[in-house]
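Student: Pasting in a structure now, in structure tokens, and then I'll have a few things to ask.
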Amino acid sequence: MLHVTCLAHALHRVAEELCEKSSSVNSVISSVKKIFIKALSRIRAFKTMHPELPLPPEPILTRWRTWILAALYYAENHRAVEEVINTFDEAEAKAAFKMKSLMLALIFIKAYMSVIPEAILKLESQGMELVEVVATIQGVIREADSWPRETGKL
């Protein structure tokens, strides 16, 4: 194989499919991103309430792994972020956190998709030996074989 980036792109397509199928997670990510962009008072409120937490990530769709990393952040910190969001007058974000499918989607992503960002990062690095590339892809394939439900099959 001459182009390892094609493999990274293939994993990006998996992330895109996951994003499309996880509308509740996508709603949370996009609504929270809007709340904190260029809003110093809201950022201060977040840091006051949870000084130990970094701000919610702002995924960039052209950076192939950032959406899954953002979803993993919310899987770990959804209650803290929701607590802060509830202090603001933001109906869209509050509604996004109340979606019944949100927790199931976040648990699914954390349990099964956390391997993808790391694999993409490895495949994007330069100077990787072919043996490492093959091992990385085989690791993702092994993980993918255990993915349950319809989303896993897709």
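Numbering starts fresh at 1 for the residues of each chain in the structure tokens, the chains themselves are lettered A, B, ... in the order given, and ligands are numbered from 1 as they appear.
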Contacts of range 47-51 of chain A at 9 Å or less, counting only C-alpha atoms, minus same-chain residues fewer than 3 places along, as a PyMOL selection string?
Tutor: chain A and resi 42-44+54-55+80-81+83-84
Student: Near Ala15 in chain A, within 8 Å and counting only C-alpha atoms, which residues show up once chain neighbours fewer than 2 positions away are dropped, as JSON, numbers by chain?
Tutor: {"A": [11, 12, 13, 17, 18, 19, 64, 65, 67, 68, 116]}
Student: Can you tell me which residues surround range 88-99 of chain A at a distance of at most 10 Å, considering only C-alpha atoms, apart from same-chain residues fewer than 4 positions away, and format the answer as a list in words?
Tutor: Ser23, Ser24, Val25, Asn26, Ser27, Val28, Ile29, Ser30, Ser31, Val32, Lys33, Lys34, Ile35, Arg42, Ala45, His78, Arg79, Val81, Glu82, Glu83, Val84 and Met103 of chain A
Student: Which residues, written as a list in words, have at least one atom at most 10 Å from Asn77 in chain A, with only C-alpha atoms counted and residues fewer than 6 positions away on the same chain left out?
Tutor: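 Non-adjacent residues within range: Leu53, Pro54, Pro56 and Ala71 of chain A.
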Student: Let me see the file: selected residues, all heavy atoms, as a compact mmCIF listing (two decimals), in the first residue's frame.
Tutor:
```txt
# COMPACT_ATOMS: atom_id res chain seq x y z
N LEU A 53 -11.80 20.74 35.12
CA LEU A 53 -12.14 20.26 33.78
C LEU A 53 -11.66 21.21 32.69
O LEU A 53 -11.79 22.42 32.83
CB LEU A 53 -13.66 20.13 33.62
CG LEU A 53 -14.35 18.93 34.21
CD1 LEU A 53 -15.83 18.97 33.86
CD2 LEU A 53 -13.74 17.65 33.73
N PRO A 54 -11.16 20.65 31.59
CA PRO A 54 -10.92 21.52 30.44
C PRO A 54 -12.26 21.90 29.81
O PRO A 54 -13.27 21.21 30.02
CB PRO A 54 -10.10 20.64 29.49
CG PRO A 54 -10.42 19.24 29.89
CD PRO A 54 -10.75 19.28 31.36
N PRO A 56 -15.19 22.19 27.05
CA PRO A 56 -15.62 21.21 26.06
C PRO A 56 -14.88 21.42 24.73
O PRO A 56 -14.66 22.57 24.32
CB PRO A 56 -17.11 21.49 25.89
CG PRO A 56 -17.51 22.12 27.18
CD PRO A 56 -16.32 22.93 27.61
N ALA A 71 -16.99 13.48 21.63
CA ALA A 71 -17.99 12.56 22.19
C ALA A 71 -17.43 11.85 23.42
O ALA A 71 -18.16 11.67 24.42
CB ALA A 71 -18.43 11.55 21.13
```
Student: For Ile141 in chain A, which of A:Val115, A:Leu121, A:Ile109, A:Ala70 is the closest residue, counting only C-alpha atoms?
Tutor: A:Val115
Student: Let me make sure I understand: among A:Ala144, A:Leu123, A:Val134, A:Leu102, which one has the smallest atom-to-atom distance to Ser22 in chain A if we use only C-alpha atoms?
Tutor: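 Looking at the shortest contact to Ser22 in chain A, the residue is A:Leu102.
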Student: CA of Lys21 in chain A to CA of Ser101 in chain A: how many Å, to one decimal?
Tutor: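 Those two atoms sit 11.1 Å apart.
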Student: Which parts of range 1-127 of chain A does DSSP call helix (DSSP H, G or I) when run on the backbone here, written out as a CSV table (one decimal) with N, CA, C and O atoms, in the first residue's frame?
Tutor:
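What landed in part-v2.csv:
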```
chain,number,residue,atom,x,y,z
A,4,VAL,N,-0.9,5.5,3.2
A,4,VAL,CA,-1.4,5.2,4.5
A,4,VAL,C,-2.5,6.2,4.8
A,4,VAL,O,-3.5,5.8,5.5
A,5,THR,N,-2.5,7.4,4.3
A,5,THR,CA,-3.5,8.3,4.6
A,5,THR,C,-4.9,7.8,4.1
A,5,THR,O,-5.9,8.2,4.6
A,6,CYS,N,-4.9,6.9,3.1
A,6,CYS,CA,-6.2,6.4,2.6
A,6,CYS,C,-6.8,5.5,3.7
A,6,CYS,O,-8.0,5.5,3.9
A,7,LEU,N,-6.0,4.9,4.5
A,7,LEU,CA,-6.5,4.1,5.7
A,7,LEU,C,-7.0,5.0,6.7
A,7,LEU,O,-8.1,4.8,7.3
A,8,ALA,N,-6.3,6.1,7.0
A,8,ALA,CA,-6.8,7.1,7.9
A,8,ALA,C,-8.2,7.7,7.4
A,8,ALA,O,-9.1,7.9,8.2
A,9,HIS,N,-8.3,7.9,6.1
A,9,HIS,CA,-9.5,8.5,5.6
A,9,HIS,C,-10.6,7.4,5.7
A,9,HIS,O,-11.8,7.8,6.0
A,10,ALA,N,-10.3,6.2,5.6
A,10,ALA,CA,-11.3,5.1,5.8
A,10,ALA,C,-11.9,5.2,7.2
A,10,ALA,O,-13.1,5.0,7.4
A,11,LEU,N,-11.0,5.4,8.2
A,11,LEU,CA,-11.4,5.5,9.5
A,11,LEU,C,-12.2,6.8,9.8
A,11,LEU,O,-13.2,6.8,10.6
A,12,HIS,N,-11.9,7.8,9.1
A,12,HIS,CA,-12.6,9.0,9.1
A,12,HIS,C,-14.1,8.8,8.6
A,12,HIS,O,-15.0,9.3,9.2
A,13,ARG,N,-14.2,8.0,7.6
A,13,ARG,CA,-15.6,7.7,7.1
A,13,ARG,C,-16.4,6.9,8.1
A,13,ARG,O,-17.6,7.1,8.3
A,14,VAL,N,-15.7,6.1,8.9
A,14,VAL,CA,-16.4,5.4,10.0
A,14,VAL,C,-16.9,6.4,11.0
A,14,VAL,O,-18.0,6.4,11.5
A,15,ALA,N,-16.0,7.4,11.4
A,15,ALA,CA,-16.4,8.5,12.3
A,15,ALA,C,-17.5,9.3,11.8
A,15,ALA,O,-18.4,9.7,12.5
A,16,GLU,N,-17.5,9.6,10.5
A,16,GLU,CA,-18.6,10.3,9.9
A,16,GLU,C,-19.9,9.6,9.9
A,16,GLU,O,-21.0,10.1,10.3
A,17,GLU,N,-19.9,8.3,9.7
A,17,GLU,CA,-21.1,7.5,9.8
A,17,GLU,C,-21.6,7.4,11.2
A,17,GLU,O,-22.8,7.5,11.4
A,18,LEU,N,-20.7,7.3,12.2
A,18,LEU,CA,-21.1,7.3,13.6
A,18,LEU,C,-21.7,8.7,13.9
A,18,LEU,O,-22.7,8.7,14.6
A,19,CYS,N,-21.2,9.7,13.4
A,19,CYS,CA,-21.7,11.1,13.7
A,19,CYS,C,-23.1,11.2,13.1
A,19,CYS,O,-24.0,11.7,13.8
A,20,GLU,N,-23.4,10.7,11.9
A,20,GLU,CA,-24.7,10.8,11.3
A,20,GLU,C,-25.7,9.9,12.1
A,20,GLU,O,-26.9,10.3,12.2
A,21,LYS,N,-25.3,8.8,12.6
A,21,LYS,CA,-26.2,7.9,13.4
A,21,LYS,C,-26.4,8.4,14.8
A,21,LYS,O,-27.3,7.8,15.5
A,23,SER,N,-27.4,11.3,16.4
A,23,SER,CA,-27.9,12.7,16.3
A,23,SER,C,-28.0,13.3,17.7
A,23,SER,O,-27.8,14.5,17.8
A,24,SER,N,-28.2,12.6,18.8
A,24,SER,CA,-28.3,13.2,20.1
A,24,SER,C,-26.9,13.7,20.5
A,24,SER,O,-26.8,14.8,21.1
A,25,VAL,N,-25.9,12.9,20.3
A,25,VAL,CA,-24.5,13.3,20.6
A,25,VAL,C,-24.1,14.5,19.8
A,25,VAL,O,-23.6,15.5,20.3
A,26,ASN,N,-24.5,14.5,18.5
A,26,ASN,CA,-24.2,15.6,17.6
A,26,ASN,C,-24.9,16.9,18.1
A,26,ASN,O,-24.3,18.0,18.0
A,27,SER,N,-26.1,16.8,18.5
A,27,SER,CA,-26.8,17.9,19.1
A,27,SER,C,-26.1,18.5,20.3
A,27,SER,O,-26.0,19.8,20.4
A,28,VAL,N,-25.7,17.7,21.2
A,28,VAL,CA,-25.0,18.2,22.4
A,28,VAL,C,-23.7,18.9,22.0
A,28,VAL,O,-23.4,20.0,22.4
A,29,ILE,N,-22.9,18.2,21.1
A,29,ILE,CA,-21.6,18.8,20.7
A,29,ILE,C,-21.8,20.1,20.0
A,29,ILE,O,-21.1,21.1,20.4
A,30,SER,N,-22.7,20.2,19.1
A,30,SER,CA,-22.9,21.5,18.3
A,30,SER,C,-23.5,22.6,19.2
A,30,SER,O,-23.1,23.7,19.1
A,31,SER,N,-24.5,22.2,20.0
A,31,SER,CA,-25.1,23.3,20.8
A,31,SER,C,-24.2,23.8,21.9
A,31,SER,O,-24.1,25.0,22.2
A,32,VAL,N,-23.4,23.0,22.5
A,32,VAL,CA,-22.4,23.4,23.5
A,32,VAL,C,-21.3,24.2,22.9
A,32,VAL,O,-20.8,25.2,23.4
A,33,LYS,N,-20.9,23.8,21.7
A,33,LYS,CA,-19.8,24.5,21.0
A,33,LYS,C,-20.3,26.0,20.7
A,33,LYS,O,-19.5,26.9,20.9
A,34,LYS,N,-21.6,26.2,20.3
A,34,LYS,CA,-22.1,27.5,20.1
A,34,LYS,C,-22.1,28.3,21.4
A,34,LYS,O,-21.9,29.5,21.3
A,35,ILE,N,-22.4,27.7,22.5
A,35,ILE,CA,-22.5,28.4,23.7
A,35,ILE,C,-21.2,29.0,24.2
A,35,ILE,O,-21.1,30.2,24.7
A,36,PHE,N,-20.1,28.3,24.0
A,36,PHE,CA,-18.8,28.8,24.5
A,36,PHE,C,-17.9,29.5,23.5
A,36,PHE,O,-16.9,30.1,23.9
A,40,LEU,N,-16.7,34.9,26.9
A,40,LEU,CA,-15.8,34.8,28.0
A,40,LEU,C,-16.5,34.7,29.4
A,40,LEU,O,-16.1,34.0,30.3
A,41,SER,N,-17.7,35.3,29.5
A,41,SER,CA,-18.4,35.2,30.7
A,41,SER,C,-18.9,33.7,30.9
A,41,SER,O,-18.9,33.2,32.1
A,42,ARG,N,-19.3,33.0,29.9
A,42,ARG,CA,-19.7,31.6,30.0
A,42,ARG,C,-18.5,30.7,30.3
A,42,ARG,O,-18.6,29.8,31.1
A,43,ILE,N,-17.4,31.0,29.7
A,43,ILE,CA,-16.2,30.3,29.9
A,43,ILE,C,-15.8,30.4,31.4
A,43,ILE,O,-15.4,29.5,32.1
A,44,ARG,N,-15.8,31.7,31.9
A,44,ARG,CA,-15.5,31.9,33.3
A,44,ARG,C,-16.5,31.1,34.2
A,44,ARG,O,-16.1,30.6,35.2
A,45,ALA,N,-17.8,31.1,33.9
A,45,ALA,CA,-18.7,30.4,34.7
A,45,ALA,C,-18.4,28.9,34.7
A,45,ALA,O,-18.5,28.3,35.8
A,46,PHE,N,-18.0,28.4,33.5
A,46,PHE,CA,-17.6,27.0,33.5
A,46,PHE,C,-16.4,26.7,34.4
A,46,PHE,O,-16.4,25.8,35.2
A,47,LYS,N,-15.4,27.5,34.2
A,47,LYS,CA,-14.2,27.4,35.0
A,47,LYS,C,-14.4,27.6,36.5
A,47,LYS,O,-13.7,27.0,37.3
A,48,THR,N,-15.4,28.4,36.9
A,48,THR,CA,-15.7,28.6,38.3
A,48,THR,C,-16.3,27.4,38.9
A,48,THR,O,-16.0,27.0,40.0
A,49,MET,N,-17.3,26.8,38.1
A,49,MET,CA,-18.0,25.7,38.6
A,49,MET,C,-17.2,24.4,38.6
A,49,MET,O,-17.3,23.5,39.4
A,66,THR,N,-11.5,14.5,15.7
A,66,THR,CA,-12.0,15.4,16.7
A,66,THR,C,-13.4,15.2,17.2
A,66,THR,O,-13.7,15.4,18.3
A,67,TRP,N,-14.3,14.7,16.3
A,67,TRP,CA,-15.7,14.5,16.7
A,67,TRP,C,-15.8,13.4,17.8
A,67,TRP,O,-16.4,13.5,18.8
A,68,ILE,N,-15.1,12.3,17.5
A,68,ILE,CA,-15.1,11.2,18.5
A,68,ILE,C,-14.4,11.6,19.8
A,68,ILE,O,-14.9,11.3,20.9
A,69,LEU,N,-13.3,12.4,19.7
A,69,LEU,CA,-12.7,12.8,20.9
A,69,LEU,C,-13.7,13.7,21.7
A,69,LEU,O,-13.7,13.7,23.0
A,70,ALA,N,-14.5,14.5,21.0
A,70,ALA,CA,-15.5,15.4,21.7
A,70,ALA,C,-16.5,14.5,22.4
A,70,ALA,O,-16.9,14.7,23.5
A,71,ALA,N,-17.0,13.5,21.6
A,71,ALA,CA,-18.0,12.6,22.2
A,71,ALA,C,-17.4,11.8,23.4
A,71,ALA,O,-18.2,11.7,24.4
A,72,LEU,N,-16.2,11.5,23.4
A,72,LEU,CA,-15.5,10.8,24.5
A,72,LEU,C,-15.5,11.8,25.7
A,72,LEU,O,-15.7,11.4,26.9
A,73,TYR,N,-15.2,13.1,25.5
A,73,TYR,CA,-15.2,14.1,26.5
A,73,TYR,C,-16.6,14.1,27.2
A,73,TYR,O,-16.7,14.1,28.4
A,74,TYR,N,-17.7,14.2,26.4
A,74,TYR,CA,-19.0,14.2,27.0
A,74,TYR,C,-19.4,12.9,27.7
A,74,TYR,O,-20.1,13.0,28.6
A,75,ALA,N,-18.9,11.8,27.2
A,75,ALA,CA,-19.1,10.6,27.9
A,75,ALA,C,-18.5,10.6,29.3
A,75,ALA,O,-19.1,10.1,30.3
A,76,GLU,N,-17.4,11.2,29.5
A,76,GLU,CA,-16.7,11.3,30.8
A,76,GLU,C,-17.3,12.5,31.6
A,76,GLU,O,-17.3,12.4,32.8
A,77,ASN,N,-17.7,13.6,31.0
A,77,ASN,CA,-18.0,14.8,31.7
A,77,ASN,C,-19.4,15.4,31.5
A,77,ASN,O,-19.7,16.5,31.8
A,78,HIS,N,-20.3,14.5,31.0
A,78,HIS,CA,-21.7,15.1,30.6
A,78,HIS,C,-22.4,15.7,31.8
A,78,HIS,O,-23.1,16.7,31.6
A,79,ARG,N,-22.3,15.2,33.0
A,79,ARG,CA,-23.0,15.7,34.1
A,79,ARG,C,-22.5,17.1,34.5
A,79,ARG,O,-23.3,18.0,34.8
A,80,ALA,N,-21.2,17.2,34.5
A,80,ALA,CA,-20.6,18.5,34.8
A,80,ALA,C,-21.0,19.6,33.8
A,80,ALA,O,-21.3,20.7,34.1
A,81,VAL,N,-20.9,19.2,32.5
A,81,VAL,CA,-21.2,20.2,31.5
A,81,VAL,C,-22.7,20.5,31.5
A,81,VAL,O,-23.1,21.7,31.4
A,82,GLU,N,-23.5,19.5,31.7
A,82,GLU,CA,-25.0,19.8,31.8
A,82,GLU,C,-25.3,20.7,33.0
A,82,GLU,O,-26.1,21.6,32.9
A,83,GLU,N,-24.6,20.5,34.1
A,83,GLU,CA,-24.8,21.4,35.3
A,83,GLU,C,-24.5,22.9,34.9
A,83,GLU,O,-25.3,23.8,35.3
A,84,VAL,N,-23.4,23.1,34.2
A,84,VAL,CA,-23.1,24.5,33.8
A,84,VAL,C,-24.1,25.0,32.8
A,84,VAL,O,-24.6,26.1,32.9
A,85,ILE,N,-24.5,24.2,31.8
A,85,ILE,CA,-25.4,24.6,30.8
A,85,ILE,C,-26.8,25.0,31.4
A,85,ILE,O,-27.4,25.9,31.0
A,91,ALA,N,-32.1,27.1,25.6
A,91,ALA,CA,-33.1,26.0,25.5
A,91,ALA,C,-32.6,24.8,24.6
A,91,ALA,O,-32.8,23.7,24.9
A,92,GLU,N,-31.9,25.2,23.5
A,92,GLU,CA,-31.4,24.1,22.6
A,92,GLU,C,-30.5,23.2,23.3
A,92,GLU,O,-30.6,22.0,23.2
A,93,ALA,N,-29.5,23.7,24.0
A,93,ALA,CA,-28.5,22.8,24.7
A,93,ALA,C,-29.2,22.0,25.8
A,93,ALA,O,-28.9,20.8,26.0
A,94,LYS,N,-30.1,22.7,26.6
A,94,LYS,CA,-30.8,22.0,27.6
A,94,LYS,C,-31.6,20.8,27.1
A,94,LYS,O,-31.6,19.7,27.6
A,95,ALA,N,-32.2,21.0,26.0
A,95,ALA,CA,-33.0,20.0,25.3
A,95,ALA,C,-32.1,18.9,24.8
A,95,ALA,O,-32.5,17.7,24.9
A,96,ALA,N,-31.0,19.2,24.3
A,96,ALA,CA,-30.0,18.2,23.8
A,96,ALA,C,-29.6,17.3,24.9
A,96,ALA,O,-29.5,16.1,24.7
A,97,PHE,N,-29.3,17.8,26.1
A,97,PHE,CA,-28.9,17.0,27.2
A,97,PHE,C,-30.1,16.1,27.7
A,97,PHE,O,-29.8,15.1,28.4
A,98,LYS,N,-31.3,16.5,27.4
A,98,LYS,CA,-32.4,15.7,27.9
A,98,LYS,C,-32.8,14.5,27.0
A,98,LYS,O,-33.7,13.7,27.4
A,101,SER,N,-31.8,9.2,24.1
A,101,SER,CA,-30.8,8.4,23.4
A,101,SER,C,-29.4,8.8,23.7
A,101,SER,O,-28.4,8.1,23.3
A,102,LEU,N,-29.2,10.0,24.3
A,102,LEU,CA,-27.9,10.6,24.5
A,102,LEU,C,-26.9,9.6,25.3
A,102,LEU,O,-25.8,9.3,24.9
A,103,MET,N,-27.4,9.2,26.5
A,103,MET,CA,-26.5,8.4,27.3
A,103,MET,C,-26.1,7.0,26.6
A,103,MET,O,-25.0,6.6,26.7
A,104,LEU,N,-27.1,6.4,26.0
A,104,LEU,CA,-26.8,5.2,25.3
A,104,LEU,C,-25.8,5.4,24.2
A,104,LEU,O,-24.8,4.6,24.0
A,105,ALA,N,-25.9,6.5,23.4
A,105,ALA,CA,-24.9,6.8,22.4
A,105,ALA,C,-23.6,7.1,22.9
A,105,ALA,O,-22.6,6.6,22.4
A,106,LEU,N,-23.5,7.8,24.0
A,106,LEU,CA,-22.2,8.1,24.6
A,106,LEU,C,-21.5,6.9,25.2
A,106,LEU,O,-20.3,6.7,25.0
A,107,ILE,N,-22.3,6.0,25.8
A,107,ILE,CA,-21.7,4.8,26.3
A,107,ILE,C,-21.2,3.9,25.2
A,107,ILE,O,-20.1,3.3,25.3
A,108,PHE,N,-22.0,3.8,24.1
A,108,PHE,CA,-21.6,3.1,22.9
A,108,PHE,C,-20.2,3.6,22.4
A,108,PHE,O,-19.3,2.8,22.1
A,109,ILE,N,-20.2,4.9,22.2
A,109,ILE,CA,-18.9,5.5,21.7
A,109,ILE,C,-17.7,5.3,22.6
A,109,ILE,O,-16.7,4.9,22.1
A,110,LYS,N,-18.0,5.4,23.9
A,110,LYS,CA,-16.9,5.2,24.8
A,110,LYS,C,-16.4,3.8,24.8
A,110,LYS,O,-15.2,3.5,24.9
A,111,ALA,N,-17.4,2.9,24.8
A,111,ALA,CA,-17.0,1.4,24.9
A,111,ALA,C,-16.4,0.9,23.6
A,111,ALA,O,-15.5,0.0,23.7
A,112,TYR,N,-16.8,1.4,22.5
A,112,TYR,CA,-16.4,0.7,21.2
A,112,TYR,C,-15.6,1.6,20.2
A,112,TYR,O,-14.9,1.1,19.4
A,113,MET,N,-15.7,2.9,20.3
A,113,MET,CA,-15.1,3.7,19.3
A,113,MET,C,-13.9,4.5,19.7
A,113,MET,O,-13.3,5.2,18.9
A,115,VAL,N,-11.0,3.5,20.1
A,115,VAL,CA,-9.8,3.0,19.4
A,115,VAL,C,-9.6,3.9,18.1
A,115,VAL,O,-8.4,4.0,17.6
A,116,ILE,N,-10.6,4.5,17.5
A,116,ILE,CA,-10.5,5.1,16.2
A,116,ILE,C,-9.6,6.4,16.3
A,116,ILE,O,-8.7,6.5,15.4
A,117,PRO,N,-9.8,7.3,17.2
A,117,PRO,CA,-8.9,8.5,17.2
A,117,PRO,C,-7.4,8.2,17.3
A,117,PRO,O,-6.6,8.8,16.7
A,118,GLU,N,-7.1,7.2,18.2
A,118,GLU,CA,-5.7,6.8,18.3
A,118,GLU,C,-5.2,6.2,17.0
A,118,GLU,O,-4.0,6.5,16.6
A,119,ALA,N,-6.0,5.4,16.4
A,119,ALA,CA,-5.5,4.8,15.1
A,119,ALA,C,-5.3,5.8,14.1
A,119,ALA,O,-4.3,5.8,13.3
A,120,ILE,N,-6.2,6.8,14.0
A,120,ILE,CA,-6.1,7.8,13.0
A,120,ILE,C,-4.8,8.6,13.2
A,120,ILE,O,-4.0,8.9,12.3
A,121,LEU,N,-4.6,9.0,14.5
A,121,LEU,CA,-3.4,9.7,14.9
A,121,LEU,C,-2.1,9.0,14.4
A,121,LEU,O,-1.2,9.5,13.9
A,122,LYS,N,-2.1,7.7,14.7
A,122,LYS,CA,-0.9,6.9,14.3
A,122,LYS,C,-0.7,6.9,12.8
A,122,LYS,O,0.4,7.0,12.3
A,123,LEU,N,-1.9,6.7,12.1
A,123,LEU,CA,-1.8,6.6,10.6
A,123,LEU,C,-1.4,7.9,10.0
A,123,LEU,O,-0.9,8.0,8.9
A,124,GLU,N,-1.7,9.0,10.7
A,124,GLU,CA,-1.3,10.4,10.1
A,124,GLU,C,0.2,10.7,10.4
A,124,GLU,O,0.7,11.6,9.7
```
Student: Could you state the separation of CA of Asp145 in chain A and CA of Pro59 in chain A in Å, given to one decimal place?
Tutor: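 Rounded to one decimal, the two atoms are 26.9 Å apart.
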